$ cat upload.cif   # mmCIF, C-alpha atoms
data_my_file
#
loop_
_atom_site.label_atom_id
_atom_site.label_comp_id
_atom_site.auth_asym_id
_atom_site.auth_seq_id
_atom_site.Cartn_x
_atom_site.Cartn_y
_atom_site.Cartn_z
CA MET V 1 0.00 0.00 0.00
CA LYS V 2 1.35 3.38 -1.00
CA PHE V 3 0.78 6.45 1.15
CA ALA V 4 1.28 10.16 0.46
CA VAL V 5 2.35 12.32 3.39
CA VAL V 6 1.37 15.84 2.32
CA VAL V 7 4.00 18.34 3.46
CA PHE V 8 3.01 21.99 3.99
CA PRO V 9 5.38 24.80 4.92
CA GLY V 10 5.61 24.30 8.68
CA SER V 11 4.74 20.58 8.83
CA ASN V 12 7.08 18.96 11.34
CA CYS V 13 5.66 15.50 12.00
CA ASP V 14 5.91 14.45 8.35
CA ARG V 15 8.97 12.29 8.87
CA ASP V 16 7.47 10.60 11.94
CA MET V 17 4.43 9.77 9.83
CA ALA V 18 6.55 8.37 6.99
CA PHE V 19 8.61 6.39 9.53
CA ALA V 20 5.46 4.81 10.93
CA ILE V 21 4.47 3.65 7.45
CA THR V 22 7.84 2.50 6.12
CA GLU V 23 9.59 1.19 9.23
CA ALA V 24 6.74 0.07 11.48
CA LEU V 25 4.06 -0.90 8.94
CA GLY V 26 6.47 -1.99 6.20
CA GLN V 27 4.64 -0.14 3.41
CA GLU V 28 5.55 2.70 1.05
CA ALA V 29 5.28 6.39 1.93
CA ASP V 30 6.32 9.45 -0.07
CA LEU V 31 6.71 12.91 1.40
CA VAL V 32 4.95 15.10 -1.17
CA TRP V 33 5.35 18.86 -1.23
CA TYR V 34 1.91 20.46 -1.30
CA GLN V 35 2.60 22.47 -4.46
CA GLU V 36 3.87 19.53 -6.49
CA ALA V 37 1.60 16.83 -5.14
CA ASN V 38 -0.19 14.47 -7.49
CA LEU V 39 -2.23 12.36 -5.13
CA SER V 40 -3.96 10.21 -7.76
CA ASP V 41 -1.45 7.35 -7.55
CA TYR V 42 -1.66 6.90 -3.78
CA ASP V 43 -3.85 4.48 -1.87
CA GLY V 44 -3.98 6.58 1.29
CA ILE V 45 -3.46 10.25 2.19
CA LEU V 46 -1.79 11.33 5.44
CA LEU V 47 -1.85 14.91 6.71
CA PRO V 48 0.85 15.22 9.34
CA GLY V 49 1.14 17.37 12.45
CA GLY V 50 3.08 20.60 12.76
CA PHE V 51 2.29 24.25 12.24
CA SER V 52 1.31 24.74 8.61
CA TYR V 53 1.95 28.38 7.71
CA GLY V 54 2.95 29.01 11.31
CA ASP V 55 -0.71 28.66 12.35
CA TYR V 56 -1.19 32.23 11.11
CA LEU V 57 -4.82 33.38 11.23
CA ARG V 58 -6.08 30.05 12.69
CA SER V 59 -4.50 26.59 12.90
CA GLY V 60 -4.86 24.89 9.53
CA ALA V 61 -6.75 27.79 7.92
CA ILE V 62 -4.19 28.88 5.36
CA ALA V 63 -3.26 25.32 4.36
CA SER V 64 -6.97 24.69 3.77
CA THR V 65 -6.94 27.23 0.92
CA SER V 66 -3.96 25.74 -0.93
CA GLY V 67 -4.20 24.02 -4.30
CA VAL V 68 -3.67 20.46 -3.00
CA ILE V 69 -6.88 20.66 -0.96
CA GLU V 70 -9.08 19.89 -3.97
CA GLN V 71 -7.08 16.69 -4.55
CA ILE V 72 -7.51 15.70 -0.90
CA ARG V 73 -11.25 16.34 -1.21
CA GLN V 74 -11.41 14.16 -4.32
CA ALA V 75 -9.42 11.36 -2.69
CA ALA V 76 -11.87 11.43 0.21
CA GLU V 77 -14.84 11.36 -2.16
CA HIS V 78 -13.36 8.35 -3.93
CA GLY V 79 -13.31 6.52 -0.61
CA LYS V 80 -9.55 6.56 -0.09
CA PRO V 81 -8.47 6.60 3.55
CA VAL V 82 -7.51 10.13 4.62
CA LEU V 83 -5.91 10.54 8.05
CA GLY V 84 -5.21 13.98 9.55
CA VAL V 85 -3.23 14.07 12.78
CA CYS V 86 -2.98 17.19 14.94
CA ASN V 87 -2.41 20.04 12.46
CA GLY V 88 -3.68 17.62 9.81
CA PHE V 89 -6.93 17.33 11.80
CA GLN V 90 -7.11 21.13 11.99
CA VAL V 91 -6.71 21.31 8.19
CA LEU V 92 -9.53 18.76 7.72
CA LEU V 93 -11.80 20.90 9.94
CA GLU V 94 -10.88 24.13 8.20
CA MET V 95 -11.51 22.63 4.75
CA GLY V 96 -14.86 21.34 5.96
CA LEU V 97 -14.16 17.66 5.34
CA LEU V 98 -14.91 17.08 9.03
CA PRO V 99 -17.39 19.13 11.10
CA GLY V 100 -16.42 21.46 13.96
CA ALA V 101 -13.48 23.74 14.75
CA MET V 102 -10.49 24.01 17.08
CA LEU V 103 -10.11 26.46 19.95
CA PRO V 104 -7.03 27.07 22.11
CA ASN V 105 -6.60 24.53 24.92
CA LYS V 106 -8.75 25.42 27.91
CA ASN V 107 -5.66 26.04 30.08
CA LEU V 108 -3.99 28.02 27.24
CA LYS V 109 -0.89 25.84 27.49
CA PHE V 110 0.90 23.85 24.84
CA MET V 111 0.72 20.29 26.14
CA CYS V 112 3.02 17.44 25.20
CA HIS V 113 2.58 14.13 27.01
CA ASP V 114 0.95 10.70 26.76
CA GLU V 115 -2.82 10.55 27.07
CA THR V 116 -5.14 7.61 27.58
CA LEU V 117 -7.66 7.39 24.75
CA ILE V 118 -10.83 5.34 24.72
CA VAL V 119 -11.75 3.65 21.46
CA GLU V 120 -15.39 4.63 20.99
CA ASN V 121 -15.97 3.05 17.60
CA ASN V 122 -13.96 0.08 16.42
CA LYS V 123 -16.02 -0.39 13.27
CA THR V 124 -14.06 2.00 11.07
CA LEU V 125 -11.27 1.23 8.65
CA PHE V 126 -8.91 2.98 11.08
CA THR V 127 -9.93 1.31 14.32
CA ASP V 128 -11.00 -2.28 13.83
CA PHE V 129 -7.76 -3.64 15.27
CA TYR V 130 -8.89 -2.23 18.62
CA GLN V 131 -11.56 -3.42 21.03
CA VAL V 132 -14.49 -1.08 21.62
CA LYS V 133 -13.93 0.88 24.87
CA GLU V 134 -10.28 -0.27 24.87
CA GLU V 135 -7.92 2.17 26.57
CA ILE V 136 -4.79 2.99 24.61
CA SER V 137 -1.84 5.29 25.27
CA ILE V 138 -1.08 7.85 22.55
CA PRO V 139 0.93 11.09 22.93
CA ILE V 140 -0.55 14.53 22.37
CA ALA V 141 1.39 17.69 21.45
CA HIS V 142 -0.82 20.70 20.78
CA GLY V 143 -1.87 24.18 21.83
CA ASP V 144 -5.11 24.36 19.83
CA GLY V 145 -6.70 20.97 20.49
CA ASN V 146 -9.92 22.05 22.14
CA TYR V 147 -12.45 20.52 19.77
CA TYR V 148 -15.65 22.52 19.44
CA CYS V 149 -18.94 21.84 17.70
CA ASP V 150 -22.49 22.91 18.42
CA GLU V 151 -25.06 20.64 20.06
CA ALA V 152 -26.74 19.64 16.79
CA THR V 153 -23.41 18.64 15.22
CA TYR V 154 -22.50 16.66 18.32
CA GLN V 155 -25.80 14.76 18.14
CA THR V 156 -25.11 13.98 14.47
CA LEU V 157 -21.59 12.77 15.32
CA ARG V 158 -23.03 10.53 18.02
CA ASP V 159 -25.95 9.22 15.97
CA ASN V 160 -23.66 8.34 13.05
CA HIS V 161 -20.97 6.80 15.29
CA GLN V 162 -18.43 9.30 13.98
CA ILE V 163 -16.64 9.69 17.32
CA ALA V 164 -13.65 7.36 17.00
CA PHE V 165 -11.66 8.29 20.12
CA THR V 166 -12.30 10.18 23.36
CA TYR V 167 -9.89 11.18 26.12
CA ALA V 168 -10.12 9.30 29.42
CA ALA V 169 -9.11 12.54 31.20
CA ASN V 170 -9.90 15.45 28.89
CA PRO V 171 -6.68 17.54 28.70
CA ASN V 172 -7.85 20.46 26.54
CA GLY V 173 -11.56 21.12 27.08
CA SER V 174 -12.86 19.37 23.95
CA VAL V 175 -16.63 18.95 23.64
CA ALA V 176 -17.64 15.55 25.06
CA ASP V 177 -13.95 14.58 25.53
CA ILE V 178 -13.61 14.13 21.76
CA ALA V 179 -10.08 13.23 20.58
CA GLY V 180 -10.85 12.00 17.06
CA ILE V 181 -13.77 11.90 14.62
CA THR V 182 -14.50 10.44 11.22
CA ASN V 183 -16.62 11.70 8.36
CA GLU V 184 -20.01 10.10 7.79
CA GLN V 185 -18.62 7.59 5.28
CA GLY V 186 -15.89 6.62 7.74
CA ASN V 187 -12.93 6.98 5.36
CA VAL V 188 -11.65 10.30 6.78
CA LEU V 189 -10.29 10.39 10.34
CA GLY V 190 -9.04 13.47 12.16
CA MET V 191 -7.43 13.13 15.57
CA MET V 192 -5.35 15.39 17.79
CA PRO V 193 -3.20 12.64 19.42
CA HIS V 194 -0.26 11.29 17.43
CA PRO V 195 -0.57 7.56 16.60
CA GLU V 196 2.57 7.82 14.43
CA ARG V 197 4.57 8.58 17.57
CA ALA V 198 3.36 5.39 19.21
CA VAL V 199 4.51 2.65 16.86
CA ASP V 200 7.41 1.24 18.87
CA ALA V 201 7.54 0.16 22.52
CA LEU V 202 11.00 1.72 22.63
CA VAL V 203 9.39 5.19 22.72
CA GLY V 204 6.76 4.28 25.30
CA SER V 205 3.81 2.87 23.36
CA GLU V 206 3.02 0.91 20.25
CA ASP V 207 -0.73 1.39 20.57
CA GLY V 208 -0.75 3.63 17.50
CA LEU V 209 0.55 0.93 15.19
CA ARG V 210 -2.75 -0.94 15.06
CA LEU V 211 -4.40 2.12 13.53
CA PHE V 212 -2.10 1.84 10.54
CA GLN V 213 -2.47 -1.95 10.47
CA SER V 214 -6.25 -1.48 10.33
CA ILE V 215 -5.93 0.80 7.29
CA LEU V 216 -3.64 -1.68 5.55
CA THR V 217 -5.85 -4.69 6.25
CA HIS V 218 -8.94 -2.89 4.95
CA TRP V 219 -7.09 -1.87 1.83
CA ARG V 220 -5.88 -5.44 1.25
CA ASN V 221 -9.38 -6.82 1.73
CA ASN V 222 -10.87 -4.30 -0.71
CA HIS V 223 -8.06 -4.91 -3.14
CA ALA V 224 -8.60 -8.68 -3.02
CA ILE V 225 -12.33 -8.21 -3.67
CA ASN V 226 -11.72 -5.86 -6.59
CA ALA V 227 -8.99 -8.02 -8.12
CA MET K 1 -8.81 52.78 -2.33
CA ARG K 2 -11.05 51.65 0.48
CA LYS K 3 -9.97 50.66 3.95
CA VAL K 4 -12.01 47.73 5.25
CA LYS K 5 -11.99 47.27 9.02
CA ILE K 6 -12.98 43.75 9.95
CA TYR K 7 -13.85 42.65 13.47
CA ILE K 8 -13.90 38.94 14.20
CA THR K 9 -15.37 37.71 17.47
CA LEU K 10 -16.08 34.30 18.91
CA LYS K 11 -19.74 33.38 18.69
CA GLU K 12 -21.81 33.66 21.79
CA GLY K 13 -21.63 30.45 23.76
CA VAL K 14 -18.19 29.48 22.43
CA LEU K 15 -15.65 29.22 25.23
CA ASP K 16 -12.96 31.92 25.02
CA PRO K 17 -9.97 30.67 27.07
CA GLN K 18 -7.96 33.85 26.38
CA GLY K 19 -10.84 36.07 27.47
CA LYS K 20 -11.24 34.00 30.65
CA ALA K 21 -7.52 34.40 31.49
CA VAL K 22 -7.68 38.17 30.96
CA GLN K 23 -10.87 38.38 33.04
CA HIS K 24 -9.11 36.62 35.94
CA SER K 25 -6.16 38.95 35.58
CA LEU K 26 -8.40 42.04 35.71
CA HIS K 27 -10.05 40.63 38.82
CA SER K 28 -6.66 40.15 40.45
CA LEU K 29 -5.97 43.84 39.70
CA GLU K 30 -9.05 44.53 41.87
CA TYR K 31 -11.37 45.51 39.01
CA LYS K 32 -14.22 43.80 40.78
CA ASN K 33 -16.85 45.12 38.38
CA VAL K 34 -15.40 43.26 35.39
CA GLY K 35 -17.79 40.71 33.92
CA GLU K 36 -17.12 38.48 30.93
CA VAL K 37 -14.16 39.38 28.68
CA ARG K 38 -14.16 38.27 25.04
CA ILE K 39 -11.12 38.52 22.79
CA GLY K 40 -11.38 38.83 19.04
CA LYS K 41 -9.36 39.91 16.03
CA TYR K 42 -9.18 43.17 14.17
CA MET K 43 -7.97 43.33 10.59
CA GLU K 44 -7.47 46.15 8.11
CA VAL K 45 -7.66 45.25 4.44
CA MET K 46 -6.95 47.82 1.75
CA LEU K 47 -9.04 47.21 -1.38
CA GLU K 48 -9.25 48.80 -4.79
CA ASP K 49 -12.67 50.32 -5.12
CA GLU K 50 -15.14 48.12 -7.00
CA ASP K 51 -18.93 48.03 -7.24
CA ASN K 52 -19.40 44.78 -5.36
CA ILE K 53 -16.95 45.51 -2.59
CA GLU K 54 -19.31 44.49 0.23
CA GLN K 55 -20.01 41.13 -1.35
CA GLN K 56 -16.28 40.66 -1.82
CA VAL K 57 -15.53 41.39 1.81
CA GLU K 58 -18.22 38.99 2.98
CA LYS K 59 -16.91 36.28 0.71
CA MET K 60 -13.37 36.80 2.05
CA CYS K 61 -14.65 36.53 5.60
CA ASP K 62 -16.70 33.40 4.89
CA GLN K 63 -13.93 31.68 2.92
CA LEU K 64 -10.92 32.45 5.07
CA LEU K 65 -10.80 35.35 7.50
CA ALA K 66 -13.43 34.02 9.91
CA ASN K 67 -14.36 30.46 10.74
CA PRO K 68 -18.18 30.42 10.67
CA VAL K 69 -18.26 27.42 13.05
CA ILE K 70 -16.87 29.44 15.95
CA GLU K 71 -16.70 33.07 14.83
CA ASP K 72 -18.92 36.01 13.80
CA TYR K 73 -17.65 39.03 11.88
CA SER K 74 -18.63 42.60 11.18
CA TYR K 75 -16.93 45.26 9.09
CA THR K 76 -16.89 48.88 8.04
CA ILE K 77 -15.68 50.30 4.74
CA GLU K 78 -13.97 53.69 4.69
CA GLU K 79 -12.90 55.83 1.80
CA VAL K 80 -9.17 56.57 1.75
CA VAL K 81 -8.12 59.83 0.17
#
$ encode --input "upload.cif" --output "structure tokens"
Amino acid sequence: MKFAVVVFPGSNCDRDMAFAITEALGQEADLVWYQEANLSDYDGILLPGGFSYGDYLRSGAIASTSGVIEQIRQAAEHGKPVLGVCNGFQVLLEMGLLPGAMLPNKNLKFMCHDETLIVENNKTLFTDFYQVKEEISIPIAHGDGNYYCDEATYQTLRDNHQIAFTYAANPNGSVADIAGITNEQGNVLGMMPHPERAVDALVGSEDGLRLFQSILTHWRNNHAINA
Amino acid sequence: MRKVKIYITLKEGVLDPQGKAVQHSLHSLEYKNVGEVRIGKYMEVMLEDEDNIEQQVEKMCDQLLANPVIEDYSYTIEEVV
């Protein structure tokens, strides 16, 4: 399976993301510069963490107006897996591929530590290697990770089982402890915690690896059916 | 040229952590009469004069300058001589 890691000016978790795919998952990953990206040949799109455009205006806002966004939208519409982590999640919100918006953390601090996540929905292509309600340890590193949506949007997220992960002990003030959500079709996941930083026990946790293994297994199953 | 002054504020009901911090700080300076504090953004955009300038400004705000999920905006347009 071949992944594109879309690199914006200011992305800084792009290499971690590529490492997770090539070294931990054993698949292919290209770092693609946002201006030169041709995403049509890739099986999965990864939007890494960092500070695209220095988070000027709002986190993810300026990246969400760049030319590559239309390709990301098309990939999502074609059912390809699209994963946005941290700043990547913020870009997905700003481009409207996922509902809601990010506010500064409730305590106004940049936080960087491991958090316990609860798997709320294990019936997505990203999460079916987990047990439902399983607690996993994944690091966070963000200043604007306070997920906000209005009550009606929250009800929709709940009714459609779009809440993939919640925090066991909400660190940032997110609505309903939300740490990660999918689109309605389930092929786009945005999450603030960094699964790509949790793919080797050597660095504290390998709980993130199963997220990538889930994507790969789904792709292989679909591929086998289509072949 | 026109000078467009754009004010972007968080919608009512959206938590404003920065405003809360400033409110606490004002309280600690003994301004006991201070109620809620809300922090927003102010932008000045210089625009060549065109007929549909208001529509343009609104489109800019909707597309990029404000995030309609969490923010409201208002603006004034001034003539620059």
$ atom_distance --input "upload.cif" --atom1 "atom CA of V:Ala169" --atom2 "atom CA of V:Pro48"
24.2 Å
$ residues_around --input "upload.cif" --residues "V:His142" --least-positions-apart "4" --cutoff "7 Å" --atoms "only C-alpha atoms" --output "ChimeraX atom specification"
/V:110-112
$ resolve_selection --input "upload.cif" --expression "the PyMOL selection byres ((chain K and resi 1) around 8)" --output "ChimeraX atom specification"
/K:2-3,46-49,79-81
$ residues_around --input "upload.cif" --residues "V:Val5" --least-positions-apart "4" --cutoff "9 Å" --atoms "all atoms listed in the file" --output "MDAnalysis selection string"
chainID V and resid 14:15 17:18 29:33 44:48
$ interface_residues --input "upload.cif" --of "chain V" --to "chain K" --cutoff "12 Å" --atoms "all atoms listed in the file" --output "ChimeraX atom specification"
/V:56-66,90,93-96,98-109,143-144,146-151,153,172-175
$ axis_aligned_box --input "upload.cif" --around "stretch 48-61 of chain K" --padding-each-side "3 Å" --output "lines of an AutoDock Vina configuration file"
center_x = -14.6
center_y = 43.3
center_z = -0.8
size_x = 16.8
size_y = 20.0
size_z = 18.8
$ atom_distance --input "upload.cif" --atom1 "atom CA of K:Arg38" --atom2 "atom CA of K:Thr76"
20.2 Å
$ residues_around --input "upload.cif" --residues "K:Tyr75" --least-positions-apart "5" --cutoff "9 Å" --atoms "only C-alpha atoms" --output "PyMOL selection string"
chain K and resi 4-8+57-58
$ atom_distance --input "upload.cif" --atom1 "atom CA of V:Tyr130" --atom2 "atom CA of V:Val7"
28.6 Å
$ residues_near_point --input "upload.cif" --point "(5.8, 7.0, 14.2)" --cutoff "8 Å" --atoms "only C-alpha atoms" --output "list in words"
Asp16, Met17, Ala18, Phe19, Ala20, Ile21, Ala24, Pro195, Glu196, Arg197, Ala198, Val199 and Asp200 of chain V
$ residues_around --input "upload.cif" --residues "V:Trp219" --least-positions-apart "2" --cutoff "12 Å" --atoms "all atoms listed in the file" --output "number ranges by chain"
V: 1-3, 27, 42-44, 79-81, 125-126, 187, 212-217, 221-227
$ write_last_selection --input "upload.cif" --atoms "C-alpha atoms" --output "mmCIF file, in the coordinates of the input"
data_model
loop_
_atom_site.group_PDB
_atom_site.id
_atom_site.type_symbol
_atom_site.label_atom_id
_atom_site.label_comp_id
_atom_site.auth_asym_id
_atom_site.auth_seq_id
_atom_site.Cartn_x
_atom_site.Cartn_y
_atom_site.Cartn_z
ATOM 1 C CA MET V 1 0.000 0.000 0.000
ATOM 2 C CA LYS V 2 1.350 3.380 -1.000
ATOM 3 C CA PHE V 3 0.780 6.450 1.150
ATOM 4 C CA GLN V 27 4.640 -0.140 3.410
ATOM 5 C CA TYR V 42 -1.660 6.900 -3.780
ATOM 6 C CA ASP V 43 -3.850 4.480 -1.870
ATOM 7 C CA GLY V 44 -3.980 6.580 1.290
ATOM 8 C CA GLY V 79 -13.310 6.520 -0.610
ATOM 9 C CA LYS V 80 -9.550 6.560 -0.090
ATOM 10 C CA PRO V 81 -8.470 6.600 3.550
ATOM 11 C CA LEU V 125 -11.270 1.230 8.650
ATOM 12 C CA PHE V 126 -8.910 2.980 11.080
ATOM 13 C CA ASN V 187 -12.930 6.980 5.360
ATOM 14 C CA PHE V 212 -2.100 1.840 10.540
ATOM 15 C CA GLN V 213 -2.470 -1.950 10.470
ATOM 16 C CA SER V 214 -6.250 -1.480 10.330
ATOM 17 C CA ILE V 215 -5.930 0.800 7.290
ATOM 18 C CA LEU V 216 -3.640 -1.680 5.550
ATOM 19 C CA THR V 217 -5.850 -4.690 6.250
ATOM 20 C CA ASN V 221 -9.380 -6.820 1.730
ATOM 21 C CA ASN V 222 -10.870 -4.300 -0.710
ATOM 22 C CA HIS V 223 -8.060 -4.910 -3.140
ATOM 23 C CA ALA V 224 -8.600 -8.680 -3.020
ATOM 24 C CA ILE V 225 -12.330 -8.210 -3.670
ATOM 25 C CA ASN V 226 -11.720 -5.860 -6.590
ATOM 26 C CA ALA V 227 -8.990 -8.020 -8.120
#
$ closest_residue --input "upload.cif" --among "V:Gln162, V:Thr156, V:Asn12, V:Ser40" --to "V:Gly180" --atoms "all atoms listed in the file"
V:Gln162
$ resolve_selection --input "upload.cif" --expression "the PyMOL selection byres ((chain V and resi 193) around 9)" --output "VMD selection string"
chain V and resid 85 to 86 114 to 115 117 138 to 142 179 to 180 191 to 192 194 to 195 197
$ residues_near_point --input "upload.cif" --point "(-4.6, 18.2, -6.6)" --cutoff "10 Å" --atoms "all atoms listed in the file" --output "list in words"
Tyr34, Gln35, Glu36, Ala37, Asn38, Leu39, Ser40, Ser66, Gly67, Val68, Ile69, Glu70, Gln71, Ile72, Arg73, Gln74 and Ala75 of chain V
$ residues_around --input "upload.cif" --residues "V:Leu97" --least-positions-apart "4" --cutoff "10 Å" --atoms "all atoms listed in the file" --output "PyMOL selection string"
chain V and resi 72-73+76-77+89+91-93+182-184+188-190
$ resolve_selection --input "upload.cif" --expression "the PyMOL selection byres ((chain K and resi 36) around 8)" --output "VMD selection string"
chain K and resid 19 to 20 23 34 to 35 37 to 38
$ write_last_selection --input "upload.cif" --atoms "C-alpha atoms" --output "PDB file, in the coordinates of the input"
ATOM      1  CA  GLY K  19     -10.840  36.070  27.470  1.00  0.00           C
ATOM      2  CA  LYS K  20     -11.240  34.000  30.650  1.00  0.00           C
ATOM      3  CA  GLN K  23     -10.870  38.380  33.040  1.00  0.00           C
ATOM      4  CA  VAL K  34     -15.400  43.260  35.390  1.00  0.00           C
ATOM      5  CA  GLY K  35     -17.790  40.710  33.920  1.00  0.00           C
ATOM      6  CA  VAL K  37     -14.160  39.380  28.680  1.00  0.00           C
ATOM      7  CA  ARG K  38     -14.160  38.270  25.040  1.00  0.00           C
TER       8      ARG K  38
END
$ decode --input "upload.cif" --residues "stretch 149-194 of chain V" --atoms "C-alpha atoms" --output "short mmCIF file (atom, residue, chain, number, x, y, z; two decimals), in the first residue's frame"
data_model
loop_
_atom_site.label_atom_id
_atom_site.label_comp_id
_atom_site.auth_asym_id
_atom_site.auth_seq_id
_atom_site.Cartn_x
_atom_site.Cartn_y
_atom_site.Cartn_z
CA CYS V 149 -18.94 21.84 17.70
CA ASP V 150 -22.49 22.91 18.42
CA GLU V 151 -25.06 20.64 20.06
CA ALA V 152 -26.74 19.64 16.79
CA THR V 153 -23.41 18.64 15.22
CA TYR V 154 -22.50 16.66 18.32
CA GLN V 155 -25.80 14.76 18.14
CA THR V 156 -25.11 13.98 14.47
CA LEU V 157 -21.59 12.77 15.32
CA ARG V 158 -23.03 10.53 18.02
CA ASP V 159 -25.95 9.22 15.97
CA ASN V 160 -23.66 8.34 13.05
CA HIS V 161 -20.97 6.80 15.29
CA GLN V 162 -18.43 9.30 13.98
CA ILE V 163 -16.64 9.69 17.32
CA ALA V 164 -13.65 7.36 17.00
CA PHE V 165 -11.66 8.29 20.12
CA THR V 166 -12.30 10.18 23.36
CA TYR V 167 -9.89 11.18 26.12
CA ALA V 168 -10.12 9.30 29.42
CA ALA V 169 -9.11 12.54 31.20
CA ASN V 170 -9.90 15.45 28.89
CA PRO V 171 -6.68 17.54 28.70
CA ASN V 172 -7.85 20.46 26.54
CA GLY V 173 -11.56 21.12 27.08
CA SER V 174 -12.86 19.37 23.95
CA VAL V 175 -16.63 18.95 23.64
CA ALA V 176 -17.64 15.55 25.06
CA ASP V 177 -13.95 14.58 25.53
CA ILE V 178 -13.61 14.13 21.76
CA ALA V 179 -10.08 13.23 20.58
CA GLY V 180 -10.85 12.00 17.06
CA ILE V 181 -13.77 11.90 14.62
CA THR V 182 -14.50 10.44 11.22
CA ASN V 183 -16.62 11.70 8.36
CA GLU V 184 -20.01 10.10 7.79
CA GLN V 185 -18.62 7.59 5.28
CA GLY V 186 -15.89 6.62 7.74
CA ASN V 187 -12.93 6.98 5.36
CA VAL V 188 -11.65 10.30 6.78
CA LEU V 189 -10.29 10.39 10.34
CA GLY V 190 -9.04 13.47 12.16
CA MET V 191 -7.43 13.13 15.57
CA MET V 192 -5.35 15.39 17.79
CA PRO V 193 -3.20 12.64 19.42
CA HIS V 194 -0.26 11.29 17.43
#
